[in-house]
Amino acid sequence: MPPHPHGGPVPPSVPSALLDDLGWPDAVVRLAHTGPGAAAASLSALPLCDRPGALLRGSCDIDTRPVLCAALGVVTRIPGRVVHLDLAAVPFLDTAAVAALVQATATLTGQGRRLLLHHPPYSLRKVVEMFPDECAALEVAA
C-alpha cells in the first residue's frame, strides 16, 4: 500500500480496493458505486494542501459509508493538534454519517486533539438541531 503523506503506512482499516490508483498525494480514498437501477454514488477524500486534514467530495449516505469510514480512519491518524475536515463539496450527510463524524471527533478528543469541520452542509446542521446532545462534541469553524 502507498504511504500516507503525513507519515506512516495506510491504516489497515482502509481496504486496498478503495484506494485511488493515483496514490495518496492525489486522493486519499475514492469509491464509485453504480448498480442496475441505482443512481451513481461517489465519495472521495483528498488531502488538504494548506493544513492537516482532508476535503470530502460527494454525498455521505448508505452507498458511500465504507469510504466515509475509511476516510475518517485516515483523518484521525493525521498528525497535528487540530485536524481539519472541509465539507464544502458535500451536499448531503445522513444521520449515520454525522454519527461517524461524532465518533471521529471522540477519537481525536481522546488523543488530546481536535477535529474542526469547515463548511457544513444543511443536512449536518439539521441533524445537529435534532440531536443537540449527541452532536455537542462537533466543532465547526467560524
# chains A, B, ... in the order shown; residues from 1 in each chain; ligands from 1

$ residues_around --residues "Ile62 of chain A" --least-positions-apart "4" --cutoff "9 Å" --atoms "only C-alpha atoms" --output "mmCIF file with N, CA, C and O atoms, in the first residue's frame"
data_model
loop_
_atom_site.group_PDB
_atom_site.id
_atom_site.type_symbol
_atom_site.label_atom_id
_atom_site.label_comp_id
_atom_site.auth_asym_id
_atom_site.auth_seq_id
_atom_site.Cartn_x
_atom_site.Cartn_y
_atom_site.Cartn_z
ATOM 1 N N PRO A 66 -18.794 2.871 3.441
ATOM 2 C CA PRO A 66 -17.464 2.265 3.601
ATOM 3 C C PRO A 66 -16.324 3.249 3.349
ATOM 4 O O PRO A 66 -15.337 3.265 4.066
ATOM 5 N N ASP A 94 -26.096 11.777 5.821
ATOM 6 C CA ASP A 94 -27.206 11.167 6.543
ATOM 7 C C ASP A 94 -26.838 11.079 8.026
ATOM 8 O O ASP A 94 -25.732 11.442 8.437
ATOM 9 N N ALA A 96 -26.213 8.568 9.957
ATOM 10 C CA ALA A 96 -25.100 7.660 10.250
ATOM 11 C C ALA A 96 -23.770 8.324 9.920
ATOM 12 O O ALA A 96 -22.770 8.109 10.623
ATOM 13 N N ALA A 97 -23.730 9.152 8.883
ATOM 14 C CA ALA A 97 -22.512 9.882 8.546
ATOM 15 C C ALA A 97 -22.180 10.899 9.634
ATOM 16 O O ALA A 97 -21.024 11.058 10.019
#

$ atom_distance --atom1 "atom CA of Gly53 of chain A" --atom2 "atom CA of Val83 of chain A"
5.1 Å

$ atom_distance --atom1 "atom CA of Gly112 of chain A" --atom2 "atom CA of Pro79 of chain A"
11.5 Å

$ select_by_dssp --residues "segment 34-88 of chain A" --states "alpha helix (DSSP H)" --output "compact mmCIF listing (two decimals) with N, CA, C and O atoms, in the first residue's frame"
# COMPACT_ATOMS: atom_id res chain seq x y z
N ARG A 65 -20.92 4.76 2.70
CA ARG A 65 -20.50 4.59 4.09
C ARG A 65 -19.13 3.92 4.22
O ARG A 65 -18.31 4.37 5.04
N PRO A 66 -18.79 2.87 3.44
CA PRO A 66 -17.46 2.27 3.60
C PRO A 66 -16.32 3.25 3.35
O PRO A 66 -15.34 3.27 4.07
N VAL A 67 -16.47 4.09 2.32
CA VAL A 67 -15.39 5.03 2.03
C VAL A 67 -15.35 6.14 3.07
O VAL A 67 -14.28 6.62 3.44
N LEU A 68 -16.50 6.56 3.60
CA LEU A 68 -16.50 7.58 4.65
C LEU A 68 -15.79 7.05 5.88
O LEU A 68 -14.94 7.74 6.45
N CYS A 69 -16.10 5.84 6.28
CA CYS A 69 -15.44 5.25 7.46
C CYS A 69 -13.94 5.11 7.23
O CYS A 69 -13.14 5.39 8.13
N ALA A 70 -13.56 4.69 6.02
CA ALA A 70 -12.13 4.56 5.70
C ALA A 70 -11.46 5.93 5.73
O ALA A 70 -10.37 6.09 6.29
N ALA A 71 -12.10 6.93 5.14
CA ALA A 71 -11.53 8.27 5.10
C ALA A 71 -11.39 8.85 6.50
O ALA A 71 -10.36 9.44 6.84
N LEU A 72 -12.40 8.66 7.34
CA LEU A 72 -12.32 9.18 8.71
C LEU A 72 -11.26 8.44 9.51
O LEU A 72 -10.60 9.02 10.38
N GLY A 73 -11.07 7.16 9.21
CA GLY A 73 -9.99 6.41 9.85
C GLY A 73 -8.63 7.00 9.51
O GLY A 73 -7.74 7.09 10.36
N VAL A 74 -8.47 7.42 8.27
CA VAL A 74 -7.23 8.07 7.85
C VAL A 74 -7.11 9.45 8.50
O VAL A 74 -6.06 9.81 9.02
N VAL A 75 -8.19 10.21 8.49
CA VAL A 75 -8.18 11.56 9.05
C VAL A 75 -7.78 11.55 10.52
O VAL A 75 -6.99 12.39 10.96

$ residues_around --residues "Leu116 of chain A" --least-positions-apart "4" --cutoff "9 Å" --atoms "only C-alpha atoms" --output "JSON, numbers by chain"
{"A": [82, 83, 84, 85, 86, 105, 138, 139, 140, 141]}

$ closest_residue --among "A:Leu93, A:Leu43, A:Cys60, A:Ala104" --to "Lys126 of chain A" --atoms "only C-alpha atoms"
A:Leu93

$ residues_around --residues "Phe92 of chain A" --least-positions-apart "6" --cutoff "10 Å" --atoms "only C-alpha atoms" --output "ChimeraX atom specification"
/A:58-61,120-124

$ write_last_selection --atoms "N, CA, C and O atoms" --output "short mmCIF file (atom, residue, chain, number, x, y, z; two decimals), in the first residue's frame"
data_model
loop_
_atom_site.label_atom_id
_atom_site.label_comp_id
_atom_site.auth_asym_id
_atom_site.auth_seq_id
_atom_site.Cartn_x
_atom_site.Cartn_y
_atom_site.Cartn_z
N GLY A 58 -18.65 14.67 -2.30
CA GLY A 58 -19.71 13.72 -2.62
C GLY A 58 -20.66 13.54 -1.44
O GLY A 58 -20.43 14.08 -0.37
N SER A 59 -21.71 12.80 -1.65
CA SER A 59 -22.69 12.56 -0.60
C SER A 59 -22.23 11.46 0.35
O SER A 59 -21.56 10.51 -0.07
N CYS A 60 -22.60 11.62 1.60
CA CYS A 60 -22.26 10.63 2.64
C CYS A 60 -23.55 9.95 3.07
O CYS A 60 -24.34 10.51 3.84
N ASP A 61 -23.78 8.77 2.52
CA ASP A 61 -25.00 8.04 2.81
C ASP A 61 -24.70 6.55 2.82
O ASP A 61 -23.54 6.15 2.85
N PRO A 120 -20.07 23.13 6.80
CA PRO A 120 -21.02 22.02 6.94
C PRO A 120 -22.25 22.22 6.05
O PRO A 120 -22.74 23.34 5.92
N PRO A 121 -22.72 21.16 5.42
CA PRO A 121 -23.93 21.28 4.60
C PRO A 121 -25.18 21.41 5.49
O PRO A 121 -25.15 21.13 6.69
N TYR A 122 -26.24 21.81 4.86
CA TYR A 122 -27.52 21.99 5.55
C TYR A 122 -27.93 20.73 6.30
O TYR A 122 -28.41 20.80 7.43
N SER A 123 -27.74 19.57 5.69
CA SER A 123 -28.16 18.32 6.32
C SER A 123 -27.44 18.08 7.65
O SER A 123 -28.05 17.58 8.61
N LEU A 124 -26.18 18.45 7.75
CA LEU A 124 -25.45 18.30 9.01
C LEU A 124 -26.04 19.24 10.06
O LEU A 124 -26.27 18.83 11.20
#

$ atom_distance --atom1 "atom CA of Cys49 of chain A" --atom2 "atom CA of Thr76 of chain A"
16.8 Å

$ residues_around --residues "Glu134 of chain A" --least-positions-apart "2" --cutoff "12 Å" --atoms "only C-alpha atoms" --output "ChimeraX atom specification"
/A:95,98-103,105-106,127-132,136-138

$ decode --residues "segment 64-98 of chain A" --atoms "N, CA and C atoms" --output "short mmCIF file (atom, residue, chain, number, x, y, z; two decimals), in the first residue's frame"
data_model
loop_
_atom_site.label_atom_id
_atom_site.label_comp_id
_atom_site.auth_asym_id
_atom_site.auth_seq_id
_atom_site.Cartn_x
_atom_site.Cartn_y
_atom_site.Cartn_z
N THR A 64 -22.12 5.18 0.30
CA THR A 64 -20.72 5.60 0.43
C THR A 64 -20.18 5.42 1.85
N ARG A 65 -20.92 4.76 2.70
CA ARG A 65 -20.50 4.59 4.09
C ARG A 65 -19.13 3.92 4.22
N PRO A 66 -18.79 2.87 3.44
CA PRO A 66 -17.46 2.27 3.60
C PRO A 66 -16.32 3.25 3.35
N VAL A 67 -16.47 4.09 2.32
CA VAL A 67 -15.39 5.03 2.03
C VAL A 67 -15.35 6.14 3.07
N LEU A 68 -16.50 6.56 3.60
CA LEU A 68 -16.50 7.58 4.65
C LEU A 68 -15.79 7.05 5.88
N CYS A 69 -16.10 5.84 6.28
CA CYS A 69 -15.44 5.25 7.46
C CYS A 69 -13.94 5.11 7.23
N ALA A 70 -13.56 4.69 6.02
CA ALA A 70 -12.13 4.56 5.70
C ALA A 70 -11.46 5.93 5.73
N ALA A 71 -12.10 6.93 5.14
CA ALA A 71 -11.53 8.27 5.10
C ALA A 71 -11.39 8.85 6.50
N LEU A 72 -12.40 8.66 7.34
CA LEU A 72 -12.32 9.18 8.71
C LEU A 72 -11.26 8.44 9.51
N GLY A 73 -11.07 7.16 9.21
CA GLY A 73 -9.99 6.41 9.85
C GLY A 73 -8.63 7.00 9.51
N VAL A 74 -8.47 7.42 8.27
CA VAL A 74 -7.23 8.07 7.85
C VAL A 74 -7.11 9.45 8.50
N VAL A 75 -8.19 10.21 8.49
CA VAL A 75 -8.18 11.56 9.05
C VAL A 75 -7.78 11.55 10.52
N THR A 76 -8.26 10.58 11.27
CA THR A 76 -7.93 10.54 12.70
C THR A 76 -6.48 10.18 12.95
N ARG A 77 -5.77 9.72 11.92
CA ARG A 77 -4.35 9.37 12.06
C ARG A 77 -3.41 10.46 11.55
N ILE A 78 -3.98 11.52 10.99
CA ILE A 78 -3.15 12.63 10.51
C ILE A 78 -2.62 13.37 11.74
N PRO A 79 -1.31 13.60 11.80
CA PRO A 79 -0.76 14.29 12.97
C PRO A 79 -1.16 15.76 13.00
N GLY A 80 -1.14 16.32 14.19
CA GLY A 80 -1.45 17.74 14.39
C GLY A 80 -2.42 17.92 15.53
N ARG A 81 -2.33 19.04 16.21
CA ARG A 81 -3.23 19.33 17.32
C ARG A 81 -4.65 19.54 16.82
N VAL A 82 -4.77 20.12 15.62
CA VAL A 82 -6.08 20.35 15.01
C VAL A 82 -6.05 19.70 13.63
N VAL A 83 -7.05 18.86 13.36
CA VAL A 83 -7.20 18.23 12.06
C VAL A 83 -8.46 18.82 11.43
N HIS A 84 -8.34 19.25 10.19
CA HIS A 84 -9.43 19.95 9.51
C HIS A 84 -10.14 19.00 8.55
N LEU A 85 -11.47 19.13 8.51
CA LEU A 85 -12.27 18.37 7.56
C LEU A 85 -13.17 19.36 6.83
N ASP A 86 -12.87 19.56 5.55
CA ASP A 86 -13.62 20.51 4.73
C ASP A 86 -14.78 19.78 4.07
N LEU A 87 -15.99 20.25 4.34
CA LEU A 87 -17.21 19.61 3.83
C LEU A 87 -17.87 20.47 2.74
N ALA A 88 -17.13 21.42 2.17
CA ALA A 88 -17.71 22.33 1.17
C ALA A 88 -18.27 21.59 -0.04
N ALA A 89 -17.71 20.46 -0.39
CA ALA A 89 -18.15 19.71 -1.57
C ALA A 89 -19.04 18.53 -1.20
N VAL A 90 -19.63 18.57 0.00
CA VAL A 90 -20.54 17.50 0.45
C VAL A 90 -21.96 18.07 0.49
N PRO A 91 -22.80 17.66 -0.45
CA PRO A 91 -24.17 18.19 -0.45
C PRO A 91 -25.07 17.55 0.61
N PHE A 92 -24.72 16.34 1.08
CA PHE A 92 -25.62 15.63 1.99
C PHE A 92 -24.84 14.68 2.89
N LEU A 93 -25.22 14.69 4.18
CA LEU A 93 -24.75 13.69 5.13
C LEU A 93 -25.99 13.10 5.80
N ASP A 94 -26.10 11.78 5.82
CA ASP A 94 -27.21 11.17 6.54
C ASP A 94 -26.84 11.08 8.03
N THR A 95 -27.78 10.62 8.84
CA THR A 95 -27.54 10.59 10.29
C THR A 95 -26.39 9.66 10.67
N ALA A 96 -26.21 8.57 9.96
CA ALA A 96 -25.10 7.66 10.25
C ALA A 96 -23.77 8.32 9.92
N ALA A 97 -23.73 9.15 8.88
CA ALA A 97 -22.51 9.88 8.55
C ALA A 97 -22.18 10.90 9.63
N VAL A 98 -23.20 11.56 10.15
CA VAL A 98 -22.98 12.50 11.26
C VAL A 98 -22.48 11.75 12.49
#
